[in-house]
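Inspection log for the structure reproduced underneath, given as structure tokens.
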Amino acid sequence: MASFELQPFLAGLAFPESARWREGALWFSDFYTGRVQRVTPDGACETMLTLPDGEQPSGLGWLPDGRLLVVAMRQRKLLCFDGHRIDVYADLSRHAPAACNDMLVDGLGRAYVGNMGFDLPARAPFEPTVLLLVMPDGQIRVAADDMHFPNGTVLTPDGRTLIVGESYGQRLTAFDVGDDGSLRNRRIWAQLEGKGVGPDGICLDEEGAIWLASPVSREVLRVREGGEVTHRIATPEQAVACMLGGADRRTLYVLTGRVMVTPEQSRAALSGRISTVRVEVAGAGLP
């Protein structure tokens with residue numbers, strides 16, 4: 001198994017999450033500061049928007065017309081930003097039983113949104129939950145149930161297979177995508193082995209393998225369908241997201257952070273950071 005050494009790229013973040021590669025730059029949410037940020041390969045970072053009232057941004061995605069969708073975690077809403085103003089795109093509070101998290105928006109503008117399923121910060125007992133589908137006309141429906149903390153999500157380049165990381169299920173779960181966006185033929189894409197290994201943010205490469213951030217085991221893994229692990233990269237803090245980017249999509253951006261008791265502590269510590277490592281296979285598909 002190849003050996004990799006992470007290189008420092010960007011520091012001084014509260015808790016970076018939900019990495020996306022778009023138009024030559026890495027986008028991410030720093031959810032304890034309420035900011036959505038964009039950083040170019042030379043390290044130039046800018047804040048694209050800040051959510052009001054202490055709201056925490058998580059999943060990011062773009063509609064076909066270029067507008068940005070942002071998951072507002074605690075409000076359980078999907079917000080839309082056109083570059084000037086923030087509007088509520090969909091209210092998920094009646095459908096998601098707990099804080100919303102990651103999201104994938106496909107090329108037709110259909111948004112698949114996960115949620116924790118239970119009050120994780122309060123250490124409530126685990127509860128399975130649903131993966132929601134928000135259609136371009138505003139319709140909200142359940143795409144899949146009995147999900148064990150649905151988190152990072154990818155879509156294969158042909159648009160036919162959706163793969164979701166279930167953090168508490170310690171697995172990657174695949175679905176066939178119907179013409180209407182519905183999910184069918186549920187199956188385990190990879191069952192992850194090892195204490196504390198569970199997917200948070202994930203991305204897909206050109207060979208069809210998935211890179212996943214595993215917070216508890218503090219590492220990034222590359223996994224093939226069926227469960228073979230081809231690469232493991234240790235991280236100094238909890239690995240919460242990863243994304244392939246750069247001009248050739250062979251730079252793996254690794255987002256790490258330290259979970260604090262309160263958001264105020266995270267904002268004071270600023271222990272979140274982004275590191276990079278060069279890999280052999282380029283990224284593929286939507287983030």
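Identifiers for the structure tokens are assigned positionally: chains receive A, B, ... in sequence, residues are indexed from 1 per chain, and ligands are indexed from 1 in the order shown.
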
- Query: Skipping near chain neighbours, those fewer than 4 positions away, what residues fall within 8 Å of Leu286 of chain A using only C-alpha atoms, listed as a count of residues only?
  - Reply: 5

- Query: Among segment 37-268 of chain A, which ones does DSSP place in strand (DSSP E), written as a PyMOL selection string?
  - Reply: chain A and resi 37-39+45-50+57-62+68-72+77-81+86-91+100-105+111-115+129-134+140-147+150-155+161-166+171-177+183-191+202-204+210-214+219-223+229-234+238-245+251-257

- Query: Of the residues A:Val71, A:Leu60, A:Leu49, A:Ala190, which is the one nearest to Phe28 of chain A, using only C-alpha atoms?
  - Reply: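 When distances to Phe28 of chain A are compared using only C-alpha atoms, the smallest one comes from A:Leu60.
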
- Task: List the neighbours of segment 177-184 of chain A out to 8 Å using only C-alpha atoms; skip same-chain residues closer than 4 positions along the sequence, and give me the result as a list of chain:residue names.
- Result: A:Arg110, A:Leu133, A:Ala143, A:Ala144, A:Gly159, A:Arg160, A:Thr161, A:Leu162

- Query: Which residues, written as a VMD selection string, have at least one atom at most 6 Å from Val240 of chain A, with only C-alpha atoms counted and residues fewer than 6 positions away on the same chain left out?
  - Reply: chain A and resid 200 to 201 213 215 255 to 256
